[in-house]
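The file structure-v1.csv comes next; it holds CSV, C-alpha atoms and all ligand atoms.
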chain,number,residue,atom,x,y,z
J,1,MET,CA,-11.6,17.9,-20.8
J,2,ALA,CA,-13.4,16.1,-18.0
J,3,GLY,CA,-11.2,13.8,-15.9
J,4,SER,CA,-12.2,10.2,-15.7
J,5,LEU,CA,-12.3,8.6,-12.3
J,6,MET,CA,-9.9,5.8,-11.5
J,7,ASN,CA,-12.1,3.5,-9.4
J,8,GLY,CA,-10.2,1.6,-6.7
J,9,LYS,CA,-13.3,-0.1,-5.5
J,10,THR,CA,-14.1,-1.6,-8.9
J,11,VAL,CA,-10.5,-2.8,-9.4
J,12,SER,CA,-10.3,-4.2,-5.8
J,13,ALA,CA,-13.6,-6.1,-6.3
J,14,ALA,CA,-12.3,-7.6,-9.6
J,15,MET,CA,-9.0,-8.6,-7.9
J,16,ARG,CA,-10.7,-10.1,-4.9
J,17,GLU,CA,-12.9,-12.3,-7.2
J,18,GLU,CA,-9.7,-13.5,-8.9
J,19,MET,CA,-8.1,-14.2,-5.5
J,20,LYS,CA,-11.1,-16.1,-4.2
J,21,GLN,CA,-10.6,-18.6,-7.0
J,22,GLU,CA,-6.9,-19.0,-6.1
J,23,VAL,CA,-7.7,-19.4,-2.4
J,24,ASP,CA,-10.2,-22.2,-3.3
J,25,ARG,CA,-7.5,-23.8,-5.5
J,26,LEU,CA,-4.9,-23.7,-2.7
J,27,THR,CA,-7.3,-24.8,0.0
J,28,ALA,CA,-8.1,-27.8,-2.1
J,29,LYS,CA,-4.4,-28.6,-2.0
J,30,GLY,CA,-4.5,-28.4,1.8
J,31,VAL,CA,-3.0,-24.9,2.0
J,32,GLN,CA,-5.4,-22.2,3.3
J,33,PRO,CA,-3.6,-18.8,3.1
J,34,GLY,CA,-3.2,-17.4,6.6
J,35,LEU,CA,-2.6,-13.8,7.8
J,36,ALA,CA,-1.7,-12.7,11.3
J,37,VAL,CA,-2.2,-9.0,12.2
J,38,VAL,CA,-0.7,-7.7,15.4
J,39,LEU,CA,-2.0,-4.5,17.0
J,40,VAL,CA,-0.4,-3.0,20.1
J,41,GLY,CA,-2.5,-0.4,21.9
J,42,GLU,CA,-5.8,1.3,21.2
J,43,ASP,CA,-5.2,3.8,18.4
J,44,ALA,CA,-8.6,4.4,16.9
J,45,ALA,CA,-7.6,4.5,13.2
J,46,SER,CA,-5.4,1.4,13.6
J,47,GLN,CA,-8.4,-0.5,15.1
J,48,VAL,CA,-10.5,0.3,12.1
J,49,TYR,CA,-7.8,-0.9,9.7
J,50,VAL,CA,-7.2,-4.1,11.7
J,51,ASN,CA,-10.9,-5.0,11.8
J,52,SER,CA,-11.2,-4.3,8.1
J,53,LYS,CA,-8.2,-6.6,7.3
J,54,HIS,CA,-9.7,-9.4,9.4
J,55,LYS,CA,-13.1,-9.0,7.7
J,56,THR,CA,-11.5,-9.1,4.3
J,57,CYS,CA,-9.6,-12.3,5.2
J,58,LEU,CA,-12.9,-14.0,6.2
J,59,GLU,CA,-14.7,-12.8,3.0
J,60,LEU,CA,-11.9,-14.3,0.8
J,61,GLY,CA,-11.6,-17.5,2.7
J,62,TYR,CA,-8.3,-16.9,4.4
J,63,TYR,CA,-7.3,-18.0,7.9
J,64,SER,CA,-7.0,-14.9,10.0
J,65,GLU,CA,-5.5,-14.3,13.4
J,66,VAL,CA,-5.7,-10.9,15.1
J,67,HIS,CA,-3.4,-10.3,18.1
J,68,ARG,CA,-4.6,-7.3,20.2
J,69,LEU,CA,-1.9,-6.5,22.8
J,70,PRO,CA,-2.1,-3.8,25.5
J,71,ALA,CA,-0.3,-0.5,25.0
J,72,ASP,CA,2.2,-1.4,27.7
J,73,THR,CA,3.3,-4.6,26.0
J,74,THR,CA,7.1,-4.9,26.2
J,75,GLU,CA,9.3,-5.0,23.1
J,76,SER,CA,10.6,-8.4,24.1
J,77,ASP,CA,7.0,-9.8,24.5
J,78,LEU,CA,6.2,-8.5,21.0
J,79,LEU,CA,9.3,-10.0,19.5
J,80,ALA,CA,8.5,-13.3,21.2
J,81,LEU,CA,5.0,-13.3,19.5
J,82,ILE,CA,6.6,-12.5,16.1
J,83,GLU,CA,9.1,-15.4,16.6
J,84,THR,CA,6.1,-17.7,17.3
J,85,LEU,CA,4.3,-16.5,14.2
J,86,ASN,CA,7.5,-16.8,12.1
J,87,GLY,CA,7.5,-20.5,12.9
J,88,GLN,CA,3.7,-21.1,12.7
J,89,SER,CA,2.7,-23.2,9.7
J,90,THR,CA,-0.9,-21.9,9.4
J,91,ILE,CA,0.5,-18.3,9.0
J,92,HIS,CA,1.9,-17.1,5.7
J,93,GLY,CA,1.8,-13.3,6.3
J,94,ILE,CA,2.6,-11.2,9.4
J,95,LEU,CA,1.6,-7.6,9.6
J,96,VAL,CA,2.4,-5.5,12.7
J,97,GLN,CA,0.1,-2.4,12.6
J,98,LEU,CA,2.0,0.8,12.7
J,99,PRO,CA,2.5,3.2,14.5
J,100,LEU,CA,3.7,1.3,17.6
J,101,PRO,CA,3.8,2.8,21.1
J,102,LYS,CA,6.9,5.0,21.6
J,103,HIS,CA,8.7,2.6,24.0
J,104,ILE,CA,8.9,-0.1,21.2
J,105,ASN,CA,11.7,0.1,18.6
J,106,GLU,CA,9.8,-0.1,15.3
J,107,LYS,CA,12.9,-1.1,13.3
J,108,ALA,CA,13.7,-4.0,15.7
J,109,VAL,CA,10.2,-5.3,15.2
J,110,ILE,CA,10.1,-5.0,11.4
J,111,ASP,CA,13.6,-6.7,11.2
J,112,SER,CA,12.3,-9.6,13.3
J,113,ILE,CA,9.6,-10.6,10.8
J,114,ALA,CA,10.5,-13.6,8.5
J,115,VAL,CA,11.2,-12.2,5.1
J,116,ALA,CA,9.1,-14.9,3.5
J,117,LYS,CA,6.1,-13.7,5.6
J,118,ASP,CA,6.8,-9.9,5.2
J,119,VAL,CA,3.5,-9.0,3.5
J,120,ASP,CA,4.0,-5.3,4.3
J,121,GLY,CA,7.2,-5.4,2.3
J,122,PHE,CA,8.9,-3.2,5.0
J,123,HIS,CA,11.8,-5.6,5.9
J,124,PRO,CA,15.2,-4.3,4.8
J,125,VAL,CA,15.7,-7.5,2.7
J,126,SER,CA,12.4,-7.0,0.9
J,127,VAL,CA,13.3,-3.3,0.3
J,128,GLY,CA,16.7,-4.3,-1.0
J,129,ASN,CA,15.2,-6.9,-3.3
J,130,LEU,CA,12.9,-4.2,-4.6
J,131,VAL,CA,15.8,-1.8,-5.3
J,132,ILE,CA,17.8,-4.4,-7.2
J,133,GLY,CA,14.8,-5.7,-9.0
J,134,ASP,CA,14.7,-9.2,-7.5
J,135,GLU,CA,11.6,-11.1,-6.6
J,136,SER,CA,10.0,-9.8,-3.3
J,137,LEU,CA,6.8,-9.0,-1.6
J,138,LEU,CA,6.0,-5.4,-2.6
J,139,PRO,CA,4.7,-2.8,-0.2
J,140,CYS,CA,0.9,-2.7,-0.5
J,141,THR,CA,0.0,0.9,-1.3
J,142,PRO,CA,2.8,1.4,-4.0
J,143,ALA,CA,1.9,-1.9,-5.6
J,144,GLY,CA,-1.8,-0.9,-5.5
J,145,VAL,CA,-0.9,2.3,-7.4
J,146,ILE,CA,0.8,0.4,-10.2
J,147,GLU,CA,-2.1,-2.1,-10.4
J,148,LEU,CA,-4.6,0.8,-10.6
J,149,LEU,CA,-2.6,2.3,-13.5
J,150,LYS,CA,-2.3,-1.0,-15.3
J,151,ARG,CA,-5.9,-2.0,-14.9
J,152,HIS,CA,-7.0,1.4,-16.4
J,153,GLU,CA,-4.6,0.7,-19.3
J,154,VAL,CA,-2.5,3.8,-18.5
J,155,GLU,CA,0.8,3.6,-20.4
J,156,ILE,CA,3.7,3.9,-18.0
J,157,ALA,CA,6.7,3.0,-20.1
J,158,GLY,CA,8.5,6.1,-21.5
J,159,LYS,CA,6.3,8.5,-19.6
J,160,HIS,CA,7.6,11.1,-17.1
J,161,ALA,CA,6.3,10.2,-13.7
J,162,VAL,CA,6.7,12.7,-10.9
J,163,VAL,CA,6.3,11.6,-7.3
J,164,ILE,CA,5.7,14.1,-4.5
J,165,GLY,CA,6.8,12.6,-1.1
J,166,ARG,CA,9.8,10.4,-0.2
J,167,SER,CA,8.5,8.2,2.6
J,168,ASN,CA,9.7,4.7,3.0
J,169,ILE,CA,6.0,3.5,2.9
J,170,VAL,CA,4.9,5.2,-0.3
J,171,GLY,CA,7.2,7.8,-2.0
J,172,LYS,CA,10.4,5.8,-2.3
J,173,PRO,CA,8.9,2.4,-3.2
J,174,VAL,CA,6.4,3.8,-5.7
J,175,SER,CA,9.3,5.7,-7.5
J,176,LEU,CA,11.2,2.4,-7.8
J,177,LEU,CA,8.1,0.5,-9.1
J,178,LEU,CA,7.4,3.2,-11.7
J,179,GLN,CA,11.0,3.0,-12.8
J,180,ARG,CA,10.7,-0.8,-13.0
J,181,GLU,CA,7.8,-0.2,-15.4
J,182,ASN,CA,10.1,1.9,-17.5
J,183,ALA,CA,8.9,5.4,-16.6
J,184,THR,CA,11.3,8.3,-16.2
J,185,VAL,CA,10.9,9.2,-12.6
J,186,THR,CA,11.4,12.5,-10.8
J,187,MET,CA,11.1,12.6,-7.0
J,188,CYS,CA,9.9,15.8,-5.2
J,189,HIS,CA,9.6,16.5,-1.5
J,190,SER,CA,9.1,19.2,1.0
J,191,ARG,CA,12.5,20.8,0.3
J,192,THR,CA,12.3,20.7,-3.5
J,193,ALA,CA,12.9,24.0,-5.1
J,194,ASN,CA,10.5,25.1,-7.9
J,195,MET,CA,8.4,22.1,-7.5
J,196,LYS,CA,5.7,23.2,-9.9
J,197,GLU,CA,8.3,23.5,-12.7
J,198,LEU,CA,8.8,19.7,-12.3
J,199,THR,CA,5.3,18.6,-11.7
J,200,ARG,CA,4.1,20.5,-14.8
J,201,GLN,CA,6.2,18.1,-16.8
J,202,ALA,CA,4.5,15.1,-15.4
J,203,ASP,CA,2.5,12.7,-17.5
J,204,ILE,CA,1.8,10.7,-14.3
J,205,LEU,CA,1.8,12.5,-10.9
J,206,VAL,CA,1.7,10.5,-7.7
J,207,VAL,CA,1.1,12.6,-4.6
J,208,ALA,CA,2.0,11.3,-1.2
J,209,ILE,CA,3.0,14.3,0.9
J,210,GLY,CA,0.4,14.1,3.7
J,211,ARG,CA,-0.9,17.6,3.3
J,212,ALA,CA,-4.6,18.2,2.6
J,213,ASN,CA,-5.3,19.7,-0.8
J,214,PHE,CA,-1.6,20.5,-1.4
J,215,VAL,CA,-1.8,20.1,-5.2
J,216,ASP,CA,-4.0,22.5,-7.2
J,217,ARG,CA,-4.3,23.1,-10.9
J,218,SER,CA,-1.2,25.3,-11.0
J,219,PHE,CA,0.9,22.1,-10.5
J,220,LEU,CA,-0.5,20.3,-13.6
J,221,LYS,CA,-0.1,19.9,-17.3
J,222,PRO,CA,-3.4,19.3,-19.1
J,223,GLY,CA,-4.0,15.6,-19.7
J,224,VAL,CA,-2.0,14.4,-16.7
J,225,VAL,CA,-2.9,11.2,-14.8
J,226,VAL,CA,-3.1,12.1,-11.1
J,227,ILE,CA,-2.8,9.5,-8.3
J,228,ASP,CA,-3.7,10.9,-4.9
J,229,VAL,CA,-2.3,8.7,-2.0
J,230,GLY,CA,-3.3,11.3,0.7
J,231,MET,CA,-5.7,10.5,3.5
J,232,ASN,CA,-6.0,13.6,5.7
J,233,ARG,CA,-8.7,14.0,8.3
J,234,LEU,CA,-10.0,17.6,8.3
J,235,ASP,CA,-11.2,19.5,11.4
J,236,ASN,CA,-14.8,18.9,10.1
J,237,GLY,CA,-14.2,15.2,10.2
J,238,LYS,CA,-14.2,14.8,6.4
J,239,LEU,CA,-11.4,12.9,4.6
J,240,ALA,CA,-9.4,14.9,2.1
J,241,GLY,CA,-6.6,13.8,-0.3
J,242,ASP,CA,-3.4,15.6,-1.0
J,243,VAL,CA,-4.9,16.9,-4.2
J,244,ASP,CA,-7.6,19.6,-4.5
J,245,PHE,CA,-9.9,17.3,-6.5
J,246,GLU,CA,-12.5,19.9,-7.4
J,247,ASP,CA,-9.9,22.4,-8.6
J,248,VAL,CA,-8.0,19.9,-10.8
J,249,LYS,CA,-10.4,17.4,-12.0
J,250,ASP,CA,-11.2,19.0,-15.4
J,251,LEU,CA,-7.5,19.1,-16.3
J,252,CYS,CA,-6.8,15.4,-15.8
J,253,ALA,CA,-7.1,12.5,-18.1
J,254,TRP,CA,-7.5,10.3,-15.0
J,255,ILE,CA,-7.7,11.0,-11.4
J,256,THR,CA,-8.2,8.9,-8.2
J,257,PRO,CA,-10.9,10.1,-5.8
J,258,VAL,CA,-10.4,10.2,-2.0
J,259,PRO,CA,-11.9,8.1,-0.7
J,260,GLY,CA,-12.4,5.3,-3.2
J,261,GLY,CA,-9.2,5.6,-5.2
J,262,VAL,CA,-5.9,4.2,-3.8
J,263,GLY,CA,-7.4,3.4,-0.4
J,264,PRO,CA,-9.3,0.3,-1.3
J,265,MET,CA,-6.3,-1.1,-3.1
J,266,THR,CA,-4.1,-1.3,0.0
J,267,ILE,CA,-5.9,-4.1,1.7
J,268,THR,CA,-6.4,-5.9,-1.6
J,269,MET,CA,-2.7,-5.9,-2.2
J,270,LEU,CA,-2.1,-7.2,1.3
J,271,MET,CA,-4.4,-10.1,0.5
J,272,TYR,CA,-2.5,-10.6,-2.8
J,273,ASN,CA,0.8,-10.6,-0.9
J,274,THR,CA,-0.5,-13.2,1.6
J,275,LEU,CA,-1.6,-15.4,-1.2
J,276,LYS,CA,1.7,-15.0,-3.0
J,277,ALA,CA,3.6,-15.8,0.2
J,278,ALA,CA,1.5,-18.9,0.8
J,279,LYS,CA,2.2,-20.2,-2.7
J,280,ARG,CA,6.0,-19.5,-2.4
J,281,ILE,CA,6.3,-21.1,1.1
J,282,HIS,CA,4.5,-24.2,-0.2
J,283,GLN,CA,6.1,-24.1,-3.6
J,284,ILE,CA,2.8,-24.0,-5.5
J,285,THR,CA,2.8,-22.4,-8.9
U,1,LIG,N1,-0.3,1.8,9.3
U,1,LIG,C1,-0.7,2.6,8.3
U,1,LIG,N2,-0.5,2.1,7.1
U,1,LIG,C2,0.2,0.9,7.4
U,1,LIG,C3,0.7,-0.1,6.6
U,1,LIG,O1,0.6,-0.1,5.3
U,1,LIG,N3,1.2,-1.2,7.2
U,1,LIG,C4,1.3,-1.3,8.6
U,1,LIG,N4,1.9,-2.3,9.1
U,1,LIG,N5,0.8,-0.3,9.3
U,1,LIG,C5,0.3,0.8,8.8
As structure tokens, what does this structure read like?
Amino acid sequence: MAGSLMNGKTVSAAMREEMKQEVDRLTAKGVQPGLAVVLVGEDAASQVYVNSKHKTCLELGYYSEVHRLPADTTESDLLALIETLNGQSTIHGILVQLPLPKHINEKAVIDSIAVAKDVDGFHPVSVGNLVIGDESLLPCTPAGVIELLKRHEVEIAGKHAVVIGRSNIVGKPVSLLLQRENATVTMCHSRTANMKELTRQADILVVAIGRANFVDRSFLKPGVVVIDVGMNRLDNGKLAGDVDFEDVKDLCAWITPVPGGVGPMTITMLMYNTLKAAKRIHQIT
């Protein structure tokens, strides 16, 4: 059985076309969705991400502000900027690029973002709403995983989904979202005993453990759907997922490539969240 590729670029392109129409509709009502991205310091990967977010905003017709602050910015100066953005009517989404320099308390910063503008979905109130199933802005990568599954018509309800990784950014929220879609969910992590016994039961396997090529075919049941959230930079400069793609691909019903699978969905879902936030703030249905 040859695994079919789940194409994040195609799904992203389709969603972006849909969003452009919505942006036009809102802008005609006098509401142009606006995103503010804040970058502290000069981390190379973060700069690439931030530039890409800005470019996507312009392509889709959003208002975009990028605040590039020096690495020695104080926590109180950063909090003051967020306070300004919280009250700024042209801005509907605020994203502070992580990681922050060590002298800044990440939690204090995330907590200071207005929940209505929390397009990362990292604020404790957003997380709490996700846990209890209330309306909230969903974290982008996990929401992108669900969107990829749905748009490839992969049945989630009643399936056994196994998630490897328990981070706040991916593992925990994707487990909750899969459960919300009526999957039976098992979470595995670095301390799980007999992990393969569990993963071999998976109909859907989401891998977000941050170790290059961690999952090989010995983890899988034939016909599984594999979602690889990993993005690991190898010594040779190449990007590798958490799944050994070449080793497993013939066993899978569907598999996401790296790059070109989950990756493109993250910014697309950020744009989706910003649009949703703008509509909610202005009570447009
Ligand atoms: N750095 C890497 N991924 C992310 C993300 O999803 N959100 C933010 N704010 N920073 C990141």
Requested in this report: Write as an NGL selection string the residues around ligand LIG 1 (chain U), taking 7 Å as the cut-off and counting all atoms listed in the file.
Outcome: :J and (46 or 95-99 or 120 or 140-141 or 169)
| message | Quick one: residues within 10 Å of Leu79 in chain J, only C-alpha atoms, excluding same-chain residues fewer than 5 positions away - as a VMD selection string? | response | chain J and resid 74 84 to 85 108 to 113
Worksheet entry | Non-local contacts of Lys9 in chain J (12 Å; only C-alpha atoms; under 4 positions in same chain excluded) as a list in words |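 Neighbouring residues, sequence-local ones excluded: Leu5, Ala13, Ala14, Met15, Arg16, Gly144, Leu148, Thr256, Pro257, Val258, Pro259, Gly260, Gly261, Val262, Gly263, Pro264, Met265, Thr266, Ile267 and Thr268 of chain J.
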Could you write out the selected residues, including C-alpha atoms, as a CSV table (one decimal), keeping the file's coordinate frame?
chain,number,residue,atom,x,y,z
J,5,LEU,CA,-12.3,8.6,-12.3
J,13,ALA,CA,-13.6,-6.1,-6.3
J,14,ALA,CA,-12.3,-7.6,-9.6
J,15,MET,CA,-9.0,-8.6,-7.9
J,16,ARG,CA,-10.7,-10.1,-4.9
J,144,GLY,CA,-1.8,-0.9,-5.5
J,148,LEU,CA,-4.6,0.8,-10.6
J,256,THR,CA,-8.2,8.9,-8.2
J,257,PRO,CA,-10.9,10.1,-5.8
J,258,VAL,CA,-10.4,10.2,-2.0
J,259,PRO,CA,-11.9,8.1,-0.7
J,260,GLY,CA,-12.4,5.3,-3.2
J,261,GLY,CA,-9.2,5.6,-5.2
J,262,VAL,CA,-5.9,4.2,-3.8
J,263,GLY,CA,-7.4,3.4,-0.4
J,264,PRO,CA,-9.3,0.3,-1.3
J,265,MET,CA,-6.3,-1.1,-3.1
J,266,THR,CA,-4.1,-1.3,0.0
J,267,ILE,CA,-5.9,-4.1,1.7
J,268,THR,CA,-6.4,-5.9,-1.6
From CA of Ala193 in chain J to CA of Asp247 in chain J the spacing works out at 23.1 Å
Give me, as a compact mmCIF listing (two decimals) with C-alpha atoms, keeping the file's coordinate frame, all polymer residues having an atom no more than 6 Å from range 32-42 of chain J, counting only C-alpha atoms and skipping those fewer than 4 positions away in the same chain.
# COMPACT_ATOMS: atom_id res chain seq x y z
CA THR J 27 -7.30 -24.80 0.00
CA TYR J 62 -8.30 -16.90 4.40
CA TYR J 63 -7.30 -18.00 7.90
CA SER J 64 -7.00 -14.90 10.00
CA GLU J 65 -5.50 -14.30 13.40
CA VAL J 66 -5.70 -10.90 15.10
CA HIS J 67 -3.40 -10.30 18.10
CA ARG J 68 -4.60 -7.30 20.20
CA LEU J 69 -1.90 -6.50 22.80
CA PRO J 70 -2.10 -3.80 25.50
CA ALA J 71 -0.30 -0.50 25.00
CA THR J 90 -0.90 -21.90 9.40
CA ILE J 91 0.50 -18.30 9.00
CA HIS J 92 1.90 -17.10 5.70
CA GLY J 93 1.80 -13.30 6.30
CA ILE J 94 2.60 -11.20 9.40
CA LEU J 95 1.60 -7.60 9.60
CA VAL J 96 2.40 -5.50 12.70
CA GLN J 97 0.10 -2.40 12.60
CA LEU J 275 -1.60 -15.40 -1.20
CA ALA J 278 1.50 -18.90 0.80
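Using all atoms listed in the file, the residues found no farther than 10 Å from Gln179 in chain J, other than those of its own chain fewer than 2 positions away, are Ile156, Ala157, Gly158, Lys159, His160, Ala161, Pro173, Val174, Ser175, Leu176, Leu177, Glu181, Asn182, Ala183, Thr184, Val185 and Thr186 of chain J.
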A straight line from CA of Ile281 in chain J to CA of Glu59 in chain J spans 22.7 Å
